[in-house]
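Presented below is the structure to which this report refers.
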Amino acid sequence: MTAIRPGNRAKHTLIFGHKLNTLEIKVTGLAYFASARGWSLNPLRYCAMSVSATPWKYAFHSGMSSSADLRAATDLGLPVGVVATLLTTRQIFLTLPKHLDAGGKLFVDSGAFTAFQKRTSMDWEKVFQTYETLINQTAQSGNLSIVAPDVVGDQASTLKLWAEHAQRVKRWIEAGARVIVPLQVGRLSAGDLLEEAFKIFGTRKICAGVPSNLAAMTANDAATIRHGDFHILGRVVLTPELAEKLSAILQSNPDAQLTADANWLRARTARISRLARVLPRSNLPFDCRRSRAIKELLAEDGYHIQAH
């Protein structure tokens, strides 16, 4: 059993012959769903859970906006995540449409969370033009997931943005893109907010974007949502609080599709640098050592490998 810090010690409960503490009990509800749907979810090992122990249909490797990083992921055909405002013209018109047309999955974030952190304003027109170019440049828009405009932590302002840009968002949906609507906490429950989104955009063919941490949305709030398509924003590896939220979602929506994204690079920066230093130089164009280092690590430690 995973060790628990002294401050987290609690009474133990005997389940299936194992002593579980309160943190481990949080994931047993999800384990029941896992068993019913054929997932290999072990509630005794939640801290080490990889994608193999989670219900994601796709897990996007986010943070891949730079050319070398993106090339490594797209060469392998992996589900990749980028930020709309950080992409180059070549990536928008060539690299990413090629990836989509080859069957690759792409998640494009608006950059609203970064703008919130840095307290900068959003250039929504630039974001929308990137979305629309990608939609127009690919024959496989169904492989594209894009994030609808929102204001982090501000439900009322998010609703205003949705209403302001409703016609544009509708065109993305009609073109076949999967539009993720981030559900911000506020006066309305998460379920009621999603219902408002259905009304504003005139369709239920949207994806419910759920923050991964409980501070941004509680498990009880997540349980109010009734839908068949969910995306967890910002986390792939299962934690106790995310397991609690997923359990709540699946109790209300047992057949829902679930995807997630997380920055794969951040925790592997040092390993990438060490590997790139020892790799030999290449005479091939655009084949830099960093890109080859990332590709090697993705091949052995990507979310797709963890899923097997």
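Following the order of the structure tokens, chains are lettered A, B, ..., residues in each are numbered from 1, and ligands are numbered from 1.
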
Leaving out range 254-268 of chain A and any residue of its chain fewer than 6 positions from it, which residues lie within 9 Å of it when counting only C-alpha atoms, given as number ranges by chain? A: 33, 37, 55-64, 69, 80-81, 107, 227-237, 294, 297, 302-303

Those same residues, written as a PDB file, in the first residue's frame with C-alpha atoms?
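For reference, part_36.pdb as written:
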```pdb
ATOM      1  CA  PHE A  33     -16.987   1.336 -12.938  1.00  0.00           C
ATOM      2  CA  ARG A  37     -16.102  -1.476 -18.384  1.00  0.00           C
ATOM      3  CA  PRO A  55     -10.585   5.466 -18.834  1.00  0.00           C
ATOM      4  CA  TRP A  56      -9.244   7.906 -21.459  1.00  0.00           C
ATOM      5  CA  LYS A  57     -10.139   7.290 -25.055  1.00  0.00           C
ATOM      6  CA  TYR A  58      -7.310   9.666 -25.982  1.00  0.00           C
ATOM      7  CA  ALA A  59      -4.624  11.245 -23.809  1.00  0.00           C
ATOM      8  CA  PHE A  60      -3.107  14.296 -25.490  1.00  0.00           C
ATOM      9  CA  HIS A  61       0.579  15.138 -25.025  1.00  0.00           C
ATOM     10  CA  SER A  62       0.236  18.881 -24.465  1.00  0.00           C
ATOM     11  CA  GLY A  63       2.946  21.541 -24.461  1.00  0.00           C
ATOM     12  CA  MET A  64       4.139  20.568 -27.948  1.00  0.00           C
ATOM     13  CA  ASP A  69       8.771  19.175 -29.922  1.00  0.00           C
ATOM     14  CA  VAL A  80      -0.812  16.004 -29.412  1.00  0.00           C
ATOM     15  CA  GLY A  81      -1.775  19.227 -27.645  1.00  0.00           C
ATOM     16  CA  PHE A 107      -6.058  19.236 -29.076  1.00  0.00           C
ATOM     17  CA  HIS A 227     -23.666  14.255 -21.196  1.00  0.00           C
ATOM     18  CA  GLY A 228     -21.792  11.709 -23.285  1.00  0.00           C
ATOM     19  CA  ASP A 229     -18.526  13.513 -24.066  1.00  0.00           C
ATOM     20  CA  PHE A 230     -16.057  14.860 -21.490  1.00  0.00           C
ATOM     21  CA  HIS A 231     -12.543  16.276 -21.607  1.00  0.00           C
ATOM     22  CA  ILE A 232     -10.464  16.630 -18.445  1.00  0.00           C
ATOM     23  CA  LEU A 233      -8.376  19.771 -18.693  1.00  0.00           C
ATOM     24  CA  GLY A 234      -4.794  19.592 -17.472  1.00  0.00           C
ATOM     25  CA  ARG A 235      -4.227  16.081 -16.112  1.00  0.00           C
ATOM     26  CA  VAL A 236      -3.795  12.565 -17.486  1.00  0.00           C
ATOM     27  CA  VAL A 237      -2.309  10.559 -14.587  1.00  0.00           C
ATOM     28  CA  ILE A 294      11.901  13.749 -27.411  1.00  0.00           C
ATOM     29  CA  LEU A 297      11.459   9.322 -24.799  1.00  0.00           C
ATOM     30  CA  GLY A 302       4.561   8.422 -23.855  1.00  0.00           C
ATOM     31  CA  TYR A 303       0.981   8.221 -22.654  1.00  0.00           C
TER      32      TYR A 303
END
```

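Once range 84-89 of chain A and its same-chain neighbours fewer than 6 positions away are set aside, Met64, Ser65, Ser66, Ser67, Thr95, Leu96, Phe107, Val108, Asp109, Ser110, Gly111, Ala112, Met122, Asp123, Trp124, Lys126, Val127, Phe128, Gln129, Thr130, Tyr131, Ile146 and Val147 of chain A remain within 10 Å of it when counting only C-alpha atoms.
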
- Within range 59-210 of chain A, find each residue whose DSSP state, derived from the backbone, is alpha helix (DSSP H), and express the selection as a PyMOL selection string. chain A and resi 67-75+89-90+96-101+112-118+124-137+155-164+166-174+190-201

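Take the candidates A:Ile249, A:Ala115, A:Ile225, A:Ala299 and check each one against Thr74 in chain A using only C-alpha atoms; the shortest distance goes to A:Ala299.
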
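Counting only C-alpha atoms and comparing A:Ile206, A:Ala223, A:Ala293, A:Ala248, the residue that lies closest to Ala276 in chain A is A:Ala293.
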
Near Lys205 in chain A, within 10 Å and counting only C-alpha atoms, which residues show up once chain neighbours fewer than 6 positions away are dropped, as a VMD selection string?
-> chain A and resid 170 173 to 174 176 to 180 198 227 to 229

Identify, with DSSP run on backbone atoms, the residues in range 173-249 of chain A assigned to strand (DSSP E or B), and express the list as an NGL selection string.
:A and (178-182 or 207-211 or 229-233)

Separating CA of Ala156 in chain A from CA of Ser252 in chain A, to the nearest tenth of an Å, is a gap of 25.4 Å

CA of Asn253 in chain A to CA of Val151 in chain A measures 26.4 Å

Counting only C-alpha atoms, closest pick from A:Ile135, A:Ala175, A:Ala243, A:Leu183 relative to Ser157 in chain A is A:Leu183
